[in-house]
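Heads up, final.pdb below (PDB, C-alpha atoms):
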```pdb
ATOM      1  CA  MET K   1      -0.730 -29.793 -19.787
ATOM      2  CA  ALA K   2       2.894 -29.171 -18.955
ATOM      3  CA  PRO K   3       4.318 -30.961 -15.900
ATOM      4  CA  ARG K   4       5.660 -27.666 -14.617
ATOM      5  CA  GLU K   5       2.171 -26.187 -14.624
ATOM      6  CA  SER K   6       0.788 -29.211 -12.852
ATOM      7  CA  ARG K   7       3.453 -28.991 -10.243
ATOM      8  CA  ALA K   8       2.750 -25.315  -9.693
ATOM      9  CA  ALA K   9      -0.895 -26.118  -9.171
ATOM     10  CA  VAL K  10      -0.089 -28.836  -6.671
ATOM     11  CA  GLU K  11       2.345 -26.623  -4.816
ATOM     12  CA  GLY K  12      -0.234 -23.885  -4.701
ATOM     13  CA  ARG K  13      -2.721 -26.251  -3.196
ATOM     14  CA  LEU K  14      -0.177 -27.470  -0.666
ATOM     15  CA  ARG K  15       0.572 -23.930   0.428
ATOM     16  CA  HIS K  16      -3.122 -23.256   0.793
ATOM     17  CA  LEU K  17      -3.720 -26.380   2.859
ATOM     18  CA  ARG K  18      -0.842 -25.799   5.247
ATOM     19  CA  ARG K  19      -1.967 -22.234   5.891
ATOM     20  CA  VAL K  20      -5.453 -23.401   6.734
ATOM     21  CA  ALA K  21      -4.398 -26.428   8.763
ATOM     22  CA  GLN K  22      -1.895 -24.438  10.771
ATOM     23  CA  CYS K  23      -4.787 -22.592  12.356
ATOM     24  CA  VAL K  24      -5.425 -25.689  14.469
ATOM     25  CA  THR K  25      -2.379 -27.951  14.238
ATOM     26  CA  GLU K  26       1.339 -27.970  13.523
ATOM     27  CA  GLN K  27       1.174 -31.367  11.827
ATOM     28  CA  PRO K  28       2.892 -31.245   8.429
ATOM     29  CA  ILE K  29       0.975 -31.757   5.214
ATOM     30  CA  ALA K  30       2.161 -33.572   2.134
ATOM     31  CA  VAL K  31       1.149 -34.571  -1.303
ATOM     32  CA  VAL K  32       1.542 -38.296  -1.746
ATOM     33  CA  HIS K  33       2.267 -39.564  -5.222
ATOM     34  CA  ARG K  34       1.328 -43.038  -6.328
ATOM     35  CA  PRO K  35       1.996 -45.029  -9.462
ATOM     36  CA  ALA K  36      -0.691 -44.548 -12.114
ATOM     37  CA  PRO K  37      -3.556 -45.121 -12.310
ATOM     38  CA  ARG K  38      -3.772 -44.332  -8.602
ATOM     39  CA  LEU K  39      -4.376 -40.677  -7.934
ATOM     40  CA  PRO K  40      -2.147 -38.560  -5.760
ATOM     41  CA  TYR K  41      -3.609 -37.212  -2.562
ATOM     42  CA  PHE K  42      -3.002 -34.650   0.153
ATOM     43  CA  SER K  43      -2.861 -35.679   3.804
ATOM     44  CA  PHE K  44      -1.118 -35.035   7.070
ATOM     45  CA  LEU K  45       2.260 -36.609   7.657
ATOM     46  CA  PRO K  46       3.184 -39.195   8.574
ATOM     47  CA  ARG K  47       0.434 -41.368   7.166
ATOM     48  CA  SER K  48       0.213 -43.461  10.320
ATOM     49  CA  ALA K  49      -0.241 -40.403  12.524
ATOM     50  CA  LEU K  50      -3.105 -38.061  13.267
ATOM     51  CA  ALA K  51      -2.936 -34.300  13.643
ATOM     52  CA  PRO K  52      -3.287 -33.376  17.336
ATOM     53  CA  LEU K  53      -5.735 -30.640  18.303
ATOM     54  CA  ASP K  54      -5.819 -29.005  21.710
ATOM     55  CA  ARG K  55      -9.292 -28.825  23.140
ATOM     56  CA  GLY K  56      -9.588 -27.542  26.686
ATOM     57  CA  GLY K  57      -6.510 -29.363  27.880
ATOM     58  CA  ALA K  58      -7.414 -32.587  26.140
ATOM     59  CA  ARG K  59      -6.051 -33.788  22.866
ATOM     60  CA  VAL K  60      -8.368 -34.742  20.048
ATOM     61  CA  TRP K  61      -7.363 -35.608  16.517
ATOM     62  CA  LEU K  62      -7.892 -34.541  12.958
ATOM     63  CA  ARG K  63      -7.103 -36.377   9.779
ATOM     64  CA  PHE K  64      -7.882 -35.763   6.160
ATOM     65  CA  GLU K  65      -7.191 -37.005   2.673
ATOM     66  CA  GLN K  66      -7.966 -35.326  -0.614
ATOM     67  CA  GLU K  67      -7.554 -37.272  -3.827
ATOM     68  CA  PHE K  68      -7.001 -35.056  -6.807
ATOM     69  CA  ARG K  69      -5.678 -34.641 -10.294
ATOM     70  CA  PRO K  70      -4.326 -31.543 -12.008
ATOM     71  CA  ALA K  71      -6.847 -30.158 -14.452
ATOM     72  CA  GLN K  72      -7.367 -27.072 -16.536
ATOM     73  CA  ASN K  73      -9.563 -24.469 -14.984
ATOM     74  CA  ASP K  74     -11.822 -21.881 -16.510
ATOM     75  CA  ALA K  75      -9.261 -19.095 -16.486
ATOM     76  CA  GLY K  76      -7.682 -20.142 -19.781
ATOM     77  CA  PRO K  77      -5.992 -22.954 -21.689
ATOM     78  CA  ASP K  78      -2.797 -22.630 -19.678
ATOM     79  CA  ALA K  79      -4.456 -22.286 -16.302
ATOM     80  CA  VAL K  80      -4.051 -25.415 -14.233
ATOM     81  CA  ASP K  81      -5.852 -26.177 -11.041
ATOM     82  CA  VAL K  82      -6.288 -29.104  -8.724
ATOM     83  CA  GLN K  83      -9.490 -31.030  -9.224
ATOM     84  CA  LEU K  84     -10.627 -32.955  -6.172
ATOM     85  CA  LEU K  85     -11.953 -36.445  -6.850
ATOM     86  CA  GLY K  86     -12.591 -37.648  -3.322
ATOM     87  CA  ASP K  87     -11.966 -36.623   0.261
ATOM     88  CA  ARG K  88     -12.198 -37.656   3.879
ATOM     89  CA  TYR K  89     -12.177 -35.358   6.888
ATOM     90  CA  GLN K  90     -12.370 -36.887  10.330
ATOM     91  CA  LEU K  91     -12.500 -35.559  13.840
ATOM     92  CA  LEU K  92     -11.420 -38.205  16.325
ATOM     93  CA  GLY K  93     -11.743 -38.239  20.098
ATOM     94  CA  THR K  94      -8.990 -38.732  22.626
ATOM     95  CA  GLU K  95      -9.096 -42.497  22.103
ATOM     96  CA  GLU K  96      -9.052 -42.050  18.330
ATOM     97  CA  GLN K  97     -12.720 -42.933  18.133
ATOM     98  CA  GLU K  98     -14.531 -41.238  15.273
ATOM     99  CA  VAL K  99     -16.602 -38.262  16.400
ATOM    100  CA  LEU K 100     -17.660 -37.096  12.968
ATOM    101  CA  ALA K 101     -16.498 -37.531   9.420
ATOM    102  CA  TYR K 102     -17.191 -35.891   6.095
ATOM    103  CA  HIS K 103     -16.676 -38.358   3.293
ATOM    104  CA  TRP K 104     -16.739 -38.398  -0.447
ATOM    105  CA  HIS K 105     -15.464 -41.621  -1.944
ATOM    106  CA  PRO K 106     -17.161 -41.970  -5.326
ATOM    107  CA  LEU K 107     -14.976 -44.877  -6.411
ATOM    108  CA  GLY K 108     -15.001 -46.937  -3.231
ATOM    109  CA  VAL K 109     -16.950 -50.099  -2.490
ATOM    110  CA  SER K 110     -19.449 -48.303  -0.281
ATOM    111  CA  PRO K 111     -22.928 -47.765  -1.715
ATOM    112  CA  PHE K 112     -22.673 -44.188  -0.422
ATOM    113  CA  THR K 113     -20.808 -42.516  -3.238
ATOM    114  CA  ASP K 114     -22.076 -38.968  -2.779
ATOM    115  CA  PRO K 115     -20.615 -36.658  -0.145
ATOM    116  CA  HIS K 116     -21.974 -37.487   3.270
ATOM    117  CA  LEU K 117     -21.566 -36.900   6.982
ATOM    118  CA  ARG K 118     -21.093 -39.623   9.559
ATOM    119  CA  LEU K 119     -21.839 -38.825  13.163
ATOM    120  CA  SER K 120     -20.458 -40.593  16.176
ATOM    121  CA  GLY K 121     -21.717 -44.100  16.649
ATOM    122  CA  SER K 122     -22.009 -43.418  20.355
ATOM    123  CA  LEU K 123     -24.919 -41.025  19.837
ATOM    124  CA  ALA K 124     -28.021 -42.289  21.600
ATOM    125  CA  PRO K 125     -30.875 -43.257  19.268
ATOM    126  CA  LEU K 126     -33.274 -40.379  18.756
ATOM    127  CA  ASP K 127     -36.778 -40.905  20.059
ATOM    128  CA  LEU K 128     -39.324 -40.085  17.347
ATOM    129  CA  GLY K 129     -42.315 -40.635  19.632
ATOM    130  CA  GLY K 130     -45.543 -42.369  18.879
ATOM    131  CA  GLY K 131     -44.020 -45.809  19.162
ATOM    132  CA  ALA K 132     -41.856 -45.287  16.094
ATOM    133  CA  ALA K 133     -38.523 -47.005  16.004
ATOM    134  CA  PRO K 134     -35.796 -44.663  17.269
ATOM    135  CA  ALA K 135     -33.642 -42.984  14.638
ATOM    136  CA  ARG K 136     -30.052 -44.084  14.939
ATOM    137  CA  LEU K 137     -28.354 -40.986  13.588
ATOM    138  CA  GLY K 138     -24.997 -42.396  14.564
ATOM    139  CA  LYS K 139     -25.463 -45.194  12.055
ATOM    140  CA  MET K 140     -26.526 -43.041   9.124
ATOM    141  CA  HIS K 141     -24.733 -41.462   6.210
ATOM    142  CA  LEU K 142     -26.173 -37.969   6.040
ATOM    143  CA  PRO K 143     -25.911 -36.308   2.599
ATOM    144  CA  THR K 144     -23.967 -33.093   2.364
ATOM    145  CA  GLY K 145     -24.332 -32.286  -1.305
ATOM    146  CA  GLY K 146     -23.799 -34.375  -4.401
ATOM    147  CA  HIS K 147     -22.651 -33.489  -7.871
ATOM    148  CA  VAL K 148     -24.420 -30.131  -7.820
ATOM    149  CA  GLY K 149     -22.770 -29.131  -4.565
ATOM    150  CA  LEU K 150     -26.065 -28.853  -2.752
ATOM    151  CA  VAL K 151     -28.233 -31.199  -0.776
ATOM    152  CA  THR K 152     -31.099 -32.062  -3.086
ATOM    153  CA  LEU K 153     -34.539 -33.422  -2.435
ATOM    154  CA  ALA K 154     -33.349 -36.630  -4.043
ATOM    155  CA  ASP K 155     -30.589 -36.801  -1.419
ATOM    156  CA  ILE K 156     -33.128 -36.407   1.335
ATOM    157  CA  VAL K 157     -35.511 -38.983  -0.116
ATOM    158  CA  ARG K 158     -32.647 -41.458  -0.442
ATOM    159  CA  LEU K 159     -31.663 -40.786   3.172
ATOM    160  CA  LEU K 160     -35.206 -41.223   4.404
ATOM    161  CA  ILE K 161     -35.678 -44.556   2.690
ATOM    162  CA  ALA K 162     -32.216 -46.073   2.864
ATOM    163  CA  GLU K 163     -31.273 -44.974   6.369
ATOM    164  CA  PHE K 164     -34.269 -43.480   8.134
ATOM    165  CA  ALA K 165     -36.442 -46.546   7.514
ATOM    166  CA  VAL K 166     -39.200 -44.580   5.814
ATOM    167  CA  GLU K 167     -41.208 -46.960   3.663
ATOM    168  CA  PRO K 168     -40.984 -46.175  -0.047
ATOM    169  CA  ARG K 169     -44.280 -45.774  -1.845
ATOM    170  CA  ARG K 170     -42.902 -47.122  -5.114
ATOM    171  CA  PRO K 171     -40.728 -50.142  -5.822
ATOM    172  CA  ASP K 172     -38.709 -48.163  -8.366
ATOM    173  CA  TRP K 173     -37.777 -45.346  -6.001
ATOM    174  CA  ALA K 174     -34.039 -45.956  -6.363
ATOM    175  CA  ARG K 175     -34.186 -45.484 -10.112
ATOM    176  CA  ILE K 176     -36.268 -42.348  -9.846
ATOM    177  CA  VAL K 177     -33.944 -40.830  -7.271
ATOM    178  CA  ALA K 178     -30.915 -41.710  -9.393
ATOM    179  CA  GLU K 179     -32.500 -40.112 -12.451
ATOM    180  CA  ALA K 180     -33.232 -36.999 -10.442
ATOM    181  CA  ASP K 181     -29.524 -36.727  -9.654
ATOM    182  CA  ALA K 182     -28.443 -37.307 -13.246
TER
ATOM    183  CA  MET Z   1     -14.980 -60.363  10.594
ATOM    184  CA  MET Z   2     -14.079 -57.750  13.145
ATOM    185  CA  VAL Z   3     -10.756 -56.051  12.796
ATOM    186  CA  TRP Z   4      -9.280 -54.242  15.728
ATOM    187  CA  ARG Z   5      -6.805 -51.522  15.147
ATOM    188  CA  GLY Z   6      -3.342 -52.967  15.428
ATOM    189  CA  GLU Z   7      -4.683 -56.258  16.669
ATOM    190  CA  ALA Z   8      -5.663 -58.103  13.548
ATOM    191  CA  VAL Z   9      -6.286 -61.791  14.093
ATOM    192  CA  LEU Z  10      -3.434 -63.423  12.306
ATOM    193  CA  GLY Z  11      -3.386 -67.018  11.193
ATOM    194  CA  PRO Z  12      -0.315 -69.222  11.023
ATOM    195  CA  SER Z  13       0.349 -68.119   7.478
ATOM    196  CA  SER Z  14       0.134 -64.460   8.414
ATOM    197  CA  ILE Z  15       3.245 -64.033  10.465
ATOM    198  CA  ILE Z  16       4.361 -60.445  10.182
ATOM    199  CA  ARG Z  17       7.586 -60.277   8.326
ATOM    200  CA  GLN Z  18       9.561 -57.124   8.781
ATOM    201  CA  ASP Z  19      11.314 -57.808   5.502
ATOM    202  CA  ASP Z  20       8.061 -57.263   3.630
ATOM    203  CA  ASP Z  21       8.393 -53.518   3.640
ATOM    204  CA  ARG Z  22      11.862 -53.579   2.186
ATOM    205  CA  ARG Z  23      10.860 -56.079  -0.490
ATOM    206  CA  GLU Z  24       7.865 -53.972  -1.427
ATOM    207  CA  GLU Z  25       9.905 -50.830  -1.618
ATOM    208  CA  ALA Z  26      12.402 -52.587  -3.826
ATOM    209  CA  ALA Z  27       9.570 -53.722  -6.081
ATOM    210  CA  VAL Z  28       8.227 -50.196  -6.310
ATOM    211  CA  ALA Z  29      11.682 -48.862  -7.032
ATOM    212  CA  ARG Z  30      12.074 -51.358  -9.876
ATOM    213  CA  ALA Z  31       8.692 -50.439 -11.299
ATOM    214  CA  ILE Z  32       9.339 -46.719 -11.103
ATOM    215  CA  PRO Z  33      12.893 -45.993 -12.170
ATOM    216  CA  ASN Z  34      14.428 -42.954 -10.525
ATOM    217  CA  ALA Z  35      11.399 -42.503  -8.328
ATOM    218  CA  ASP Z  36      13.618 -41.085  -5.617
ATOM    219  CA  ALA Z  37      15.786 -38.923  -7.799
ATOM    220  CA  GLU Z  38      13.697 -35.810  -7.560
ATOM    221  CA  ILE Z  39      13.045 -35.818  -3.862
ATOM    222  CA  ASP Z  40      16.567 -36.799  -2.907
ATOM    223  CA  ALA Z  41      17.735 -33.600  -4.509
ATOM    224  CA  GLY Z  42      15.291 -31.545  -2.513
ATOM    225  CA  PRO Z  43      16.278 -29.209   0.303
ATOM    226  CA  GLY Z  44      15.173 -29.257   3.884
ATOM    227  CA  TRP Z  45      16.282 -32.614   5.156
ATOM    228  CA  ASP Z  46      18.044 -31.290   8.175
ATOM    229  CA  ASP Z  47      15.120 -29.113   9.167
ATOM    230  CA  ASP Z  48      12.500 -31.820   9.288
ATOM    231  CA  PRO Z  49      10.688 -32.068  12.605
ATOM    232  CA  PRO Z  50      12.500 -34.728  14.640
ATOM    233  CA  ASP Z  51       9.373 -36.751  15.332
ATOM    234  CA  VAL Z  52       8.319 -36.958  11.703
ATOM    235  CA  PRO Z  53      10.184 -39.441   9.528
ATOM    236  CA  LEU Z  54      10.432 -37.401   6.382
ATOM    237  CA  LEU Z  55      13.854 -38.233   5.081
ATOM    238  CA  GLY Z  56      13.817 -37.795   1.358
ATOM    239  CA  ALA Z  57      10.727 -35.650   1.211
ATOM    240  CA  GLU Z  58      10.913 -32.484  -0.805
ATOM    241  CA  ARG Z  59      10.080 -29.450   1.225
ATOM    242  CA  ILE Z  60       7.699 -26.735   0.034
ATOM    243  CA  GLY Z  61       7.646 -23.365   1.760
ATOM    244  CA  GLY Z  62       8.200 -23.044   5.474
ATOM    245  CA  ASP Z  63       9.919 -19.678   5.340
ATOM    246  CA  ASP Z  64       6.804 -17.538   5.472
ATOM    247  CA  GLY Z  65       5.605 -18.074   9.014
ATOM    248  CA  PHE Z  66       3.674 -21.206   8.142
ATOM    249  CA  PRO Z  67       4.904 -24.777   8.470
ATOM    250  CA  PRO Z  68       6.435 -26.389   5.394
ATOM    251  CA  ALA Z  69       4.596 -28.902   3.278
ATOM    252  CA  TYR Z  70       6.157 -31.887   1.587
ATOM    253  CA  ILE Z  71       6.096 -33.841  -1.622
ATOM    254  CA  LEU Z  72       6.589 -37.568  -1.239
ATOM    255  CA  SER Z  73       7.659 -39.886  -4.009
ATOM    256  CA  PRO Z  74       5.950 -43.255  -4.523
ATOM    257  CA  VAL Z  75       8.778 -44.968  -2.691
ATOM    258  CA  LYS Z  76       8.594 -42.740   0.355
ATOM    259  CA  SER Z  77       4.841 -42.855   0.234
ATOM    260  CA  ARG Z  78       4.979 -46.614   0.219
ATOM    261  CA  ARG Z  79       7.116 -46.637   3.330
ATOM    262  CA  GLN Z  80       4.649 -44.432   5.153
ATOM    263  CA  TYR Z  81       1.749 -46.506   3.948
ATOM    264  CA  ASN Z  82       3.437 -49.637   5.245
ATOM    265  CA  GLU Z  83       3.712 -48.009   8.650
ATOM    266  CA  ALA Z  84       0.035 -47.086   8.600
ATOM    267  CA  VAL Z  85      -1.034 -50.610   7.680
ATOM    268  CA  ARG Z  86       1.203 -52.007  10.376
ATOM    269  CA  LYS Z  87      -0.274 -49.623  12.947
ATOM    270  CA  TYR Z  88      -3.938 -50.059  12.114
ATOM    271  CA  MET Z  89      -4.154 -53.584  10.728
ATOM    272  CA  GLY Z  90      -1.188 -55.240  12.382
ATOM    273  CA  MET Z  91       0.056 -56.787   9.177
ATOM    274  CA  SER Z  92       2.114 -56.065   6.117
ATOM    275  CA  THR Z  93       0.857 -54.073   3.186
ATOM    276  CA  GLU Z  94       1.231 -57.105   0.968
ATOM    277  CA  GLU Z  95      -1.055 -59.162   3.169
ATOM    278  CA  PHE Z  96      -3.568 -56.370   3.642
ATOM    279  CA  VAL Z  97      -3.918 -55.663  -0.070
ATOM    280  CA  CYS Z  98      -4.064 -59.348  -0.922
ATOM    281  CA  ARG Z  99      -6.813 -60.037   1.603
ATOM    282  CA  TRP Z 100      -8.746 -56.921   0.610
ATOM    283  CA  ASP Z 101      -8.605 -57.911  -3.042
ATOM    284  CA  ALA Z 102      -9.845 -61.350  -2.011
ATOM    285  CA  GLY Z 103     -12.937 -59.730  -0.542
ATOM    286  CA  GLU Z 104     -12.123 -59.391   3.142
ATOM    287  CA  TRP Z 105     -13.291 -56.377   5.149
ATOM    288  CA  HIS Z 106     -15.338 -54.821   2.335
ATOM    289  CA  GLU Z 107     -18.236 -54.398   4.753
ATOM    290  CA  LEU Z 108     -15.962 -52.239   6.903
ATOM    291  CA  TYR Z 109     -15.014 -49.820   4.147
ATOM    292  CA  ASP Z 110     -17.473 -47.154   5.318
ATOM    293  CA  ASP Z 111     -17.771 -48.277   8.949
ATOM    294  CA  ARG Z 112     -17.105 -45.654  11.599
ATOM    295  CA  GLU Z 113     -15.924 -48.259  14.092
ATOM    296  CA  HIS Z 114     -13.216 -49.290  11.651
ATOM    297  CA  TRP Z 115     -12.643 -45.991   9.930
ATOM    298  CA  TRP Z 116      -9.063 -46.799   9.012
ATOM    299  CA  VAL Z 117     -10.087 -49.581   6.623
ATOM    300  CA  GLY Z 118     -11.623 -47.265   4.030
ATOM    301  CA  SER Z 119      -8.797 -44.817   4.375
ATOM    302  CA  LEU Z 120      -6.154 -47.462   3.861
ATOM    303  CA  VAL Z 121      -7.989 -48.852   0.859
ATOM    304  CA  ASP Z 122      -8.399 -45.460  -0.789
ATOM    305  CA  THR Z 123      -4.755 -44.591  -0.282
ATOM    306  CA  ARG Z 124      -3.278 -47.938  -1.225
ATOM    307  CA  PRO Z 125      -0.101 -47.454  -3.159
ATOM    308  CA  ASP Z 126      -0.869 -49.725  -6.088
TER
END
```

Kindly transcribe the structure held in the file into structure tokens.
Amino acid sequence: MAPRESRAAVEGRLRHLRRVAQCVTEQPIAVVHRPAPRLPYFSFLPRSALAPLDRGGARVWLRFEQEFRPAQNDAGPDAVDVQLLGDRYQLLGTEEQEVLAYHWHPLGVSPFTDPHLRLSGSLAPLDLGGGAAPARLGKMHLPTGGHVGLVTLADIVRLLIAEFAVEPRRPDWARIVAEADA
Amino acid sequence: MMVWRGEAVLGPSSIIRQDDDRREEAAVARAIPNADAEIDAGPGWDDDPPDVPLLGAERIGGDDGFPPAYILSPVKSRRQYNEAVRKYMGMSTEEFVCRWDAGEWHELYDDREHWWVGSLVDTRPD
């Protein structure tokens, strides 16, 4: 694809992001280029800063990153779009503590490669009653939709076993769940 | 090993050297000839927000009632990344990347208490 088309796609995405972000913050947005094979990404500027959000007189923080690559879209051979290949959205409290985060880092070292939600670690464990061990939602990675864009039963089963401490009824559950996602 | 934002435990061999950033930028500039050429020709320098160090960034939009966006070259990106590593890890990019590649902090990659680790790893410049 022509560089000019790629650039137009990236600029289009930038314009879209700044319009959306400006609804809550004035923090500038940029596309950050890196030497290949690293992918470029969108984020607030500067990289060491967070986007301030006003919340009832207090200041909380937003940050995000979207890794992408230009790719053809379905509109035709010359139509170029931005294909997202990973993202992070975080809401941080006044002390920059993480309140919640939506993550998708398929190439990272974490075993959680599908999109997921992290809740604040300061959430009190949830009492399940009946003497069951409390559910520590603040320690879990809650699925938000994998490759099909929807939360699947396989996502839920993986959550229940891997994070909710539900006992698997088969030793090969991980393989079966992975095959269900394939 | 716990890592506290901006308060990394540094050993005797980990003295922060302010020259690191400049050396790294020079290395990037050598590896990517003319990396700055495009952005240095871009408009908007004088209009950058005063609290945002964006010198050299190419400006996109900003004349339609919405804030401008920017395109950063690898060199400028590297400078900003260095600042982020310094802020959150208290060390140079060179040291951070070297220690990550050696296996340090991998358990913190997806840890909410150390959320900056995964972000810095995923946005590493090279």

Counting all atoms listed in the file, which residues of chain Z sit at most 6 Å from some atom of chain K, and what is each one's closest atom pair with its distance in Å to one decimal, listed by chain and rising residue number, as a tab-separated table?
```
residue	atom	partner	partner_atom	distance
Z:Ala69	CA	K:Ile29	CA	5.0
Z:Tyr70	CA	K:Ala30	CA	4.4
Z:Ile71	CA	K:Val31	CA	5.0
Z:Leu72	CA	K:Val32	CA	5.1
Z:Ser73	CA	K:His33	CA	5.5
Z:Pro74	CA	K:Arg34	CA	5.0
Z:Ser77	CA	K:Val32	CA	6.0
Z:Gln80	CA	K:Arg47	CA	5.6
Z:Glu83	CA	K:Ser48	CA	6.0
Z:Ala84	CA	K:Ser48	CA	4.0
Z:Pro125	CA	K:Arg34	CA	5.6
```

Report, as AutoDock Vina command-line options, the centre and edge lengths in Å (one decimal) of the axis-aligned box enclosing every listed atom of range 129-146 of chain K, padded by 5 Å on each side.
```
--center_x -34.7 --center_y -39.6 --center_z 7.6 --size_x 31.7 --size_y 24.7 --size_z 34.0
```

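The gap separating CA of Leu159 in chain K from CA of Ile176 in chain K is 13.9 Å, in Å to one decimal.
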
Q: Could you tell me which residues the PyMOL selection byres ((chain K and resi 126) around 10) grabs in this file, written as a VMD selection string?
A: chain K and resid 123 to 125 127 to 129 133 to 138

**Q.** Atomic distance CA of Asp101 in chain Z - CA of Lys87 in chain Z, expressed in Å with one decimal
**A.**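 Going from CA of Asp101 in chain Z over to CA of Lys87 in chain Z covers 19.8 Å.
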
**Q.** Counting all atoms listed in the file, the residue of K:Gly56, K:Pro168, K:Pro115, K:Pro70 that sits nearest Tyr102 in chain K
**A.**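 Under the stated criterion, the closest residue is K:Pro115.
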
**Q.** Nearest to Leu85 in chain K by atom-to-atom distance, counting all atoms listed in the file, from K:Glu167, K:Asp54, K:Asp181, K:Asp114
**A.**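 Between K:Glu167, K:Asp54, K:Asp181, K:Asp114, the residue approaching Leu85 in chain K most closely is K:Asp114.
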
Q) Any chance you could work out the residue set of the PyMOL selection byres ((chain Z and resi 114) around 10) here, as number ranges by chain? A) K: 97-98; Z: 2-5, 88, 105, 107-113, 115-119

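Reported to one decimal place, the separation of CA of Ala102 in chain Z from CA of Arg69 in chain K is 28.3 Å.
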